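Notes follow once the structure below has been shown.
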Amino acid sequence: MSSSAHRDTGHDLATAGAGPDRLWSVQEHLDDVLATVRPLDPIELNLLDAQGCVLVDDVTVPLSLPPFDNSSMDGYAVRVTDVAGASGEFPAVLEVVGDVAAGQADPVAVGPGQAARIMTGAPLPPGAEAVVPVEWTDGGLGEGPVAGMRARSLAPEGDRGHVHVYRPVEERAHVRARGSDVRSGDRALTAGTVLGPPQIGLLAAIGRGTVRVRPRPRVVVLSTGSELVQPDEPLAAGQIYDSNSFALTAAARDAGAIAYRVGAVTDDADTLRSTIEDQLVRADLMVTTGGVSVGAYDVVKEALAHVGDEDEPGGGVDFRKLAMQPGKPQGFGSVGPDHTPLLALPGNPVSSYVSFELFVRPAIRTLMGLPDVHRPTVTASLAASRALTSPKGRRQFLRGSHADGSVTPVGGSGSHLVAALAQANALIVVPEDTESVEPGTEVEVVLLG
């Protein structure tokens with residue numbers, strides 16, 4: 001793992017608060033996470049391996065695109081004066097001197113009264129000034145306008161003889177000029193660009209087979225709880241299906257990471273500890289869900305007290321309470337000899353997902369080296385049948401459906417309401433000092449889609 005991804009060992013969590021009873025604000029916790037997570041070191045990757053990665057350096061175009069004047073149509077390369085005044089009644093009749101195909105190294109020259117049959121993408125031959133689409137000609141058949149060319153394998157004689165042209169063209173008509181896309185020396189891509197299919201295509205077009213990027217971070221997602229059962233397996237009394245690890249793994253991939261989901265671990269500190277230690281080899285960031293509250297079976301805190309090499313300075317995970325709803329219990333720190341960052345999220349489905357959006361997603365985007373790591377926020381008018389209530393001193397995040405400048409609450413405030421979460425595309429933010437929000441009030445909205 002890249003050392004730049006590790007926790008900043010000079011940052012002492014003990015100095016950030018006054019003890020376990022301290023109530024952290026959302027911003028304080030986020031600032032602590034982002035202050036200690038560093039972008040991954042750059043590496044050189046083949047183009048397809050670089051998809052989804054962030055470009056480290058500006059890319060300058062080494063050659064113009066297109067690199068030569070070429071035809072944008074299948075047709076005939078001509079001199080403009082030779083087809084001036086051409087019409088259906090009085091066509092211009094030109095001698096066909098050969099074919100110009102894409103990739104042809106030595107195209108024929110076009111002289112007075114001549115034309116060359118040319119294919120889309122083929123270089124404009126010397127002497128030619130424009131291209132007449134084949135549909136404006138008889139295709140050399142002498143039988144009036146045609147819809148296309150006959151295949152060369154079926155009619156090799158098509159590159160000789162005469163062609164009737166029924167319409168004039170202006171100079172440079174149907175010609176793609178050299179450098180009309182980008183010119184040599186232009187900046188093709190800017191550092192910080194996420195490489196998607198169009199960017200990969202551009203890099204290939206200018207001859208780049210590899211590119212220097214920050215790799216996509218590897219994120220390991222692990223859920224805890226003896227009550228958790230994998231989907232498709234039968235449920236026994238008191239058991240539920242493990243949904244958190246699926247939702248958070250999908251969310252990590254959506255954020256740009258390479259995410260690995262680990263099956264649910266039982267409420268046993270030794271088992272959890274050994275599982276985390278086993279997973280460190282493939283993790284730039286670890287995310288756990290569940291076991292961070294104050295119950296007798298919340299074993300994450302117990303397990304993370306000694307993970308990996310506890311003698312390494314700067315390690316350890318701090319468990320804290322945040323002034324937010326849902327998601328009050330949180331944990332953050334580093335584990336193992338490489339100080340792999342770890343975020344411990346609560347176990348309720350809505351709490352874990354909201355916590356991911358607020359804290360884990362920005363951490364992933366920081367590891368990627370992106371300049372903007374946050375979801376976009378907007379203001380919207382609250383569309384509700386009654387006032388929303390919120391606990392004083394807590395920043396509340398309610399699920400909402402946002403459209404056309406308004407946002408409607410979806411479901412209640414319960415942190416277990418998975419179905420309501422699936423209908424939401426936004427989070428409605430109610431500030432710490434607000435206990436009631438009337439319908440029609442402008443509210444802050446975090447857009448999730």
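Identifiers in the structure tokens: chain A, B, ... in order shown; residue index from 1 per chain; ligand index from 1 in order shown.
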Tell me which protein, DNA and RNA residues are within 7 Å of range 112-123 of chain A, counting only C-alpha atoms, leaving out same-chain ones fewer than 4 positions away, and put them as a PyMOL selection string.
chain A and resi 68-78+82+94-103+159
Within 9 Å of range 238-254 of chain A, which residues of range 360-410 of chain A come that close, and what is the closest atom pair and distance in Å for each? Count only C-alpha atoms and give it as a tab-separated table.
```
residue	atom	partner	partner_atom	distance
A:Val360	CA	A:Ala252	CA	8.1
A:Arg361	CA	A:Ala252	CA	7.0
A:Ile364	CA	A:Ala252	CA	7.6
```
Just the strand (DSSP E) stuff from range 250-414 of chain A, please, per backbone DSSP, written as a tab-separated table (two decimals) with N, CA and C atoms, in the first residue's frame.
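Result file follows (result-v9.tsv):
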```
chain	number	residue	atom	x	y	z
A	258	ILE	N	-12.27	0.57	-5.71
A	258	ILE	CA	-12.36	-0.87	-5.91
A	258	ILE	C	-12.73	-1.45	-4.55
A	259	ALA	N	-13.94	-1.94	-4.42
A	259	ALA	CA	-14.48	-2.30	-3.11
A	259	ALA	C	-14.60	-3.81	-2.98
A	260	TYR	N	-14.22	-4.30	-1.81
A	260	TYR	CA	-14.32	-5.73	-1.48
A	260	TYR	C	-15.27	-5.89	-0.30
A	261	ARG	N	-16.25	-6.74	-0.48
A	261	ARG	CA	-17.20	-7.00	0.60
A	261	ARG	C	-16.79	-8.26	1.35
A	262	VAL	N	-16.72	-8.17	2.67
A	262	VAL	CA	-16.42	-9.32	3.52
A	262	VAL	C	-17.73	-9.76	4.18
A	263	GLY	N	-17.96	-11.05	4.22
A	263	GLY	CA	-19.17	-11.55	4.86
A	263	GLY	C	-19.25	-11.15	6.31
A	264	ALA	N	-20.47	-11.08	6.84
A	264	ALA	CA	-20.69	-10.62	8.20
A	264	ALA	C	-19.90	-11.46	9.21
A	265	VAL	N	-19.31	-10.75	10.17
A	265	VAL	CA	-18.51	-11.38	11.22
A	265	VAL	C	-19.33	-11.42	12.50
A	285	LEU	N	-8.28	1.52	2.60
A	285	LEU	CA	-9.24	2.06	3.56
A	285	LEU	C	-10.13	0.93	4.02
A	286	MET	N	-10.40	0.85	5.32
A	286	MET	CA	-11.30	-0.16	5.85
A	286	MET	C	-12.54	0.52	6.41
A	287	VAL	N	-13.70	-0.12	6.18
A	287	VAL	CA	-14.96	0.39	6.68
A	287	VAL	C	-15.67	-0.76	7.40
A	288	THR	N	-16.01	-0.54	8.67
A	288	THR	CA	-16.81	-1.51	9.39
A	288	THR	C	-18.17	-0.89	9.69
A	289	THR	N	-19.15	-1.74	9.86
A	289	THR	CA	-20.48	-1.26	10.21
A	289	THR	C	-21.05	-2.14	11.32
A	316	GLY	N	-4.30	3.31	16.20
A	316	GLY	CA	-5.42	3.30	17.13
A	316	GLY	C	-6.66	3.92	16.54
A	317	VAL	N	-7.79	3.50	17.06
A	317	VAL	CA	-9.09	3.99	16.60
A	317	VAL	C	-9.78	4.70	17.74
A	318	ASP	N	-10.29	5.89	17.47
A	318	ASP	CA	-10.99	6.69	18.47
A	318	ASP	C	-12.49	6.55	18.26
A	319	PHE	N	-13.20	6.15	19.30
A	319	PHE	CA	-14.66	6.04	19.22
A	319	PHE	C	-15.27	7.25	19.89
A	320	ARG	N	-16.23	7.85	19.21
A	320	ARG	CA	-16.75	9.14	19.66
A	320	ARG	C	-18.24	9.26	19.39
A	321	LYS	N	-18.84	10.25	20.00
A	321	LYS	CA	-20.25	10.55	19.78
A	321	LYS	C	-20.35	11.85	19.00
A	322	LEU	N	-21.20	11.84	17.98
A	322	LEU	CA	-21.37	13.01	17.14
A	322	LEU	C	-22.73	13.65	17.38
A	324	MET	N	-25.26	14.41	15.75
A	324	MET	CA	-26.01	14.20	14.51
A	324	MET	C	-27.04	13.11	14.71
A	325	GLN	N	-28.04	13.12	13.84
A	325	GLN	CA	-29.05	12.07	13.83
A	325	GLN	C	-29.46	11.82	12.39
A	329	PRO	N	-23.00	7.35	17.08
A	329	PRO	CA	-21.74	6.68	17.39
A	329	PRO	C	-20.87	6.49	16.14
A	330	GLN	N	-19.62	6.90	16.22
A	330	GLN	CA	-18.70	6.79	15.10
A	330	GLN	C	-17.32	6.41	15.62
A	331	GLY	N	-16.52	5.82	14.75
A	331	GLY	CA	-15.14	5.54	15.08
A	331	GLY	C	-14.24	5.88	13.91
A	332	PHE	N	-13.05	6.38	14.22
A	332	PHE	CA	-12.09	6.70	13.16
A	332	PHE	C	-10.68	6.59	13.70
A	333	GLY	N	-9.80	6.07	12.88
A	333	GLY	CA	-8.40	5.97	13.25
A	333	GLY	C	-7.63	5.18	12.23
A	334	SER	N	-6.59	4.47	12.67
A	334	SER	CA	-5.78	3.67	11.76
A	334	SER	C	-5.44	2.36	12.44
A	335	VAL	N	-5.24	1.33	11.61
A	335	VAL	CA	-4.96	0.00	12.13
A	335	VAL	C	-3.80	-0.62	11.35
A	340	THR	N	-3.36	1.81	8.19
A	340	THR	CA	-4.47	1.86	7.24
A	340	THR	C	-5.65	2.58	7.86
A	341	PRO	N	-6.17	3.62	7.21
A	341	PRO	CA	-7.32	4.34	7.77
A	341	PRO	C	-8.52	3.42	7.92
A	342	LEU	N	-9.25	3.59	9.01
A	342	LEU	CA	-10.45	2.80	9.26
A	342	LEU	C	-11.55	3.71	9.78
A	343	LEU	N	-12.72	3.59	9.19
A	343	LEU	CA	-13.91	4.27	9.67
A	343	LEU	C	-14.89	3.23	10.15
A	344	ALA	N	-15.29	3.35	11.41
A	344	ALA	CA	-16.25	2.43	12.02
A	344	ALA	C	-17.60	3.12	12.08
A	345	LEU	N	-18.56	2.57	11.34
A	345	LEU	CA	-19.88	3.19	11.23
A	345	LEU	C	-20.89	2.44	12.08
A	377	THR	N	-24.49	20.31	-2.93
A	377	THR	CA	-25.59	20.74	-2.07
A	377	THR	C	-26.33	21.89	-2.73
A	378	VAL	N	-27.64	21.94	-2.53
A	378	VAL	CA	-28.48	23.00	-3.06
A	378	VAL	C	-29.46	23.41	-1.97
A	379	THR	N	-30.16	24.49	-2.21
A	379	THR	CA	-31.28	24.85	-1.35
A	379	THR	C	-32.57	24.51	-2.07
A	380	ALA	N	-33.56	24.09	-1.32
A	380	ALA	CA	-34.84	23.70	-1.91
A	380	ALA	C	-35.96	24.04	-0.94
A	381	SER	N	-37.14	24.20	-1.48
A	381	SER	CA	-38.31	24.49	-0.66
A	381	SER	C	-38.87	23.18	-0.10
A	382	LEU	N	-39.10	23.17	1.21
A	382	LEU	CA	-39.61	21.97	1.86
A	382	LEU	C	-41.08	21.77	1.52
A	388	LEU	N	-41.43	19.78	10.18
A	388	LEU	CA	-40.48	18.76	10.58
A	388	LEU	C	-39.91	19.12	11.95
A	389	THR	N	-39.77	18.14	12.80
A	389	THR	CA	-39.16	18.38	14.10
A	389	THR	C	-37.77	17.75	14.14
A	395	ARG	N	-27.50	17.79	14.42
A	395	ARG	CA	-27.74	18.05	13.00
A	395	ARG	C	-28.43	16.83	12.43
A	396	GLN	N	-29.64	17.01	11.95
A	396	GLN	CA	-30.42	15.88	11.47
A	396	GLN	C	-30.35	15.79	9.94
A	397	PHE	N	-30.27	14.55	9.48
A	397	PHE	CA	-30.24	14.27	8.05
A	397	PHE	C	-31.43	13.38	7.72
A	398	LEU	N	-32.42	13.95	7.06
A	398	LEU	CA	-33.63	13.23	6.71
A	398	LEU	C	-33.61	12.84	5.24
A	399	ARG	N	-34.11	11.66	4.94
A	399	ARG	CA	-34.19	11.25	3.55
A	399	ARG	C	-35.24	12.07	2.83
A	400	GLY	N	-34.95	12.42	1.58
A	400	GLY	CA	-35.89	13.23	0.82
A	400	GLY	C	-35.85	12.91	-0.66
A	401	SER	N	-36.92	13.34	-1.34
A	401	SER	CA	-37.00	13.24	-2.80
A	401	SER	C	-36.95	14.65	-3.36
A	402	HIS	N	-35.90	14.95	-4.12
A	402	HIS	CA	-35.67	16.31	-4.61
A	402	HIS	C	-35.97	16.39	-6.10
A	403	ALA	N	-36.72	17.42	-6.48
A	403	ALA	CA	-37.01	17.66	-7.90
A	403	ALA	C	-37.54	19.08	-8.05
A	406	SER	N	-37.75	21.71	-5.15
A	406	SER	CA	-38.42	21.38	-3.89
A	406	SER	C	-37.98	20.00	-3.43
A	407	VAL	N	-38.14	19.75	-2.13
A	407	VAL	CA	-37.75	18.46	-1.58
A	407	VAL	C	-38.84	17.98	-0.64
A	408	THR	N	-39.18	16.70	-0.77
A	408	THR	CA	-40.24	16.08	0.02
A	408	THR	C	-39.65	15.01	0.92
A	409	PRO	N	-39.92	15.03	2.21
A	409	PRO	CA	-39.41	13.97	3.09
A	409	PRO	C	-39.93	12.60	2.65
```
Range 176-390 of chain A: which residues are helix (DSSP H, G or I) by DSSP, as an MDAnalysis selection string?
chainID A and resid 197:205 244:255 269:282 300:303 349:368
Atom-to-atom span, CA of Arg214 in chain A and CA of Ala283 in chain A, Å
15.2 Å
Sorted per-residue table, range 158-204 of chain A near range 24-46 of chain A, closest atoms and distance, 12 Å, only C-alpha atoms, as CSV:
```
residue,atom,partner,partner_atom,distance
A:Ala191,CA,A:Pro42,CA,11.9
A:Gly192,CA,A:Pro39,CA,11.9
A:Leu195,CA,A:Leu45,CA,11.7
A:Ile200,CA,A:Asn46,CA,10.0
A:Leu203,CA,A:Asn46,CA,10.7
A:Ala204,CA,A:Asn46,CA,10.4
```
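Of note, CA of Leu55 in chain A and CA of Pro371 in chain A are spaced 11.5 Å apart.
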So that I can see what lies close to range 272-281 of chain A, please list as number ranges by chain the residues with an atom at most 10 Å from it, counting only C-alpha atoms and leaving out residues fewer than 6 positions away in the same chain.
A: 1, 219-224, 260, 262, 264-266, 287-288, 299-300, 302-309, 335-340
Quick one: residues within 8 Å of Thr190 in chain A, only C-alpha atoms, excluding same-chain residues fewer than 4 positions away - as a VMD selection string?
chain A and resid 55 57 to 59
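Neighbouring residues of Tyr166 in chain A at 7 Å or closer, counting only C-alpha atoms and skipping chain neighbours under 5 positions away, are Ala86, Ser87, Gly88, Pro91, Ala92, Trp136 and Thr137 of chain A.
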With all heavy atoms retained, write the just-selected residues as a PDB file, in the first residue's frame.
```pdb
ATOM      1  N   ALA A  86     -22.452  22.060 -62.221  1.00  0.00           N
ATOM      2  CA  ALA A  86     -22.976  20.719 -62.485  1.00  0.00           C
ATOM      3  C   ALA A  86     -24.426  20.624 -62.033  1.00  0.00           C
ATOM      4  O   ALA A  86     -24.813  21.178 -61.007  1.00  0.00           O
ATOM      5  CB  ALA A  86     -22.128  19.674 -61.773  1.00  0.00           C
ATOM      6  N   SER A  87     -25.236  19.883 -62.791  1.00  0.00           N
ATOM      7  CA  SER A  87     -26.653  19.707 -62.464  1.00  0.00           C
ATOM      8  C   SER A  87     -27.123  18.363 -62.991  1.00  0.00           C
ATOM      9  O   SER A  87     -26.395  17.670 -63.697  1.00  0.00           O
ATOM     10  CB  SER A  87     -27.492  20.826 -63.088  1.00  0.00           C
ATOM     11  OG  SER A  87     -27.458  20.725 -64.505  1.00  0.00           O
ATOM     12  N   GLY A  88     -28.365  18.031 -62.645  1.00  0.00           N
ATOM     13  CA  GLY A  88     -28.906  16.784 -63.130  1.00  0.00           C
ATOM     14  C   GLY A  88     -29.046  16.760 -64.644  1.00  0.00           C
ATOM     15  O   GLY A  88     -28.881  15.718 -65.279  1.00  0.00           O
ATOM     16  N   PRO A  91     -24.601  17.223 -66.102  1.00  0.00           N
ATOM     17  CA  PRO A  91     -23.617  16.775 -65.112  1.00  0.00           C
ATOM     18  C   PRO A  91     -22.198  17.021 -65.600  1.00  0.00           C
ATOM     19  O   PRO A  91     -21.943  17.093 -66.814  1.00  0.00           O
ATOM     20  CB  PRO A  91     -23.900  15.270 -64.988  1.00  0.00           C
ATOM     21  CG  PRO A  91     -24.495  14.893 -66.316  1.00  0.00           C
ATOM     22  CD  PRO A  91     -25.270  16.077 -66.767  1.00  0.00           C
ATOM     23  N   ALA A  92     -21.307  17.168 -64.619  1.00  0.00           N
ATOM     24  CA  ALA A  92     -19.877  17.199 -64.931  1.00  0.00           C
ATOM     25  C   ALA A  92     -19.387  15.765 -65.065  1.00  0.00           C
ATOM     26  O   ALA A  92     -19.711  14.908 -64.243  1.00  0.00           O
ATOM     27  CB  ALA A  92     -19.113  17.915 -63.829  1.00  0.00           C
ATOM     28  N   TRP A 136     -24.393  12.186 -54.852  1.00  0.00           N
ATOM     29  CA  TRP A 136     -24.534  13.268 -55.827  1.00  0.00           C
ATOM     30  C   TRP A 136     -23.975  12.860 -57.191  1.00  0.00           C
ATOM     31  O   TRP A 136     -23.833  13.682 -58.092  1.00  0.00           O
ATOM     32  CB  TRP A 136     -23.787  14.520 -55.359  1.00  0.00           C
ATOM     33  CG  TRP A 136     -24.325  15.122 -54.077  1.00  0.00           C
ATOM     34  CD1 TRP A 136     -25.336  14.660 -53.303  1.00  0.00           C
ATOM     35  CD2 TRP A 136     -23.840  16.300 -53.438  1.00  0.00           C
ATOM     36  NE1 TRP A 136     -25.535  15.451 -52.212  1.00  0.00           N
ATOM     37  CE2 TRP A 136     -24.625  16.477 -52.267  1.00  0.00           C
ATOM     38  CE3 TRP A 136     -22.827  17.219 -53.719  1.00  0.00           C
ATOM     39  CZ2 TRP A 136     -24.425  17.551 -51.394  1.00  0.00           C
ATOM     40  CZ3 TRP A 136     -22.623  18.283 -52.862  1.00  0.00           C
ATOM     41  CH2 TRP A 136     -23.421  18.447 -51.699  1.00  0.00           C
ATOM     42  N   THR A 137     -23.656  11.563 -57.342  1.00  0.00           N
ATOM     43  CA  THR A 137     -23.048  11.060 -58.573  1.00  0.00           C
ATOM     44  C   THR A 137     -23.780   9.813 -59.058  1.00  0.00           C
ATOM     45  O   THR A 137     -24.679   9.305 -58.388  1.00  0.00           O
ATOM     46  CB  THR A 137     -21.564  10.706 -58.346  1.00  0.00           C
ATOM     47  OG1 THR A 137     -21.475   9.460 -57.627  1.00  0.00           O
ATOM     48  CG2 THR A 137     -20.842  11.803 -57.553  1.00  0.00           C
TER      49      THR A 137
END
```
What are the nearest atom pairs, with distances in Å to one decimal, for all residues of range 268-386 of chain A that come at most 7 Å from range 418-439 of chain A, using only C-alpha atoms, set out by chain and rising residue number as a tab-separated table?
```
residue	atom	partner	partner_atom	distance
A:Pro349	CA	A:Val418	CA	6.4
A:Val350	CA	A:Val418	CA	6.5
A:Leu382	CA	A:Pro439	CA	5.3
A:Ala383	CA	A:Pro439	CA	5.7
A:Ala384	CA	A:Pro439	CA	5.3
A:Ser385	CA	A:Pro439	CA	6.9
A:Arg386	CA	A:Pro439	CA	6.3
```
Output C-alpha atoms of each residue in that selection to a file, as a PDB file, in the first residue's frame.
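Saved file part_24.pdb follows:
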```
ATOM      1  CA  PRO A 349     -28.950   0.704   7.878  1.00  0.00           C
ATOM      2  CA  VAL A 350     -29.848   4.373   7.510  1.00  0.00           C
ATOM      3  CA  LEU A 382     -39.609  21.973   1.864  1.00  0.00           C
ATOM      4  CA  ALA A 383     -42.727  20.268   0.532  1.00  0.00           C
ATOM      5  CA  ALA A 384     -44.369  18.642   3.553  1.00  0.00           C
ATOM      6  CA  SER A 385     -47.834  18.351   5.047  1.00  0.00           C
ATOM      7  CA  ARG A 386     -46.621  19.446   8.468  1.00  0.00           C
TER       8      ARG A 386
END
```
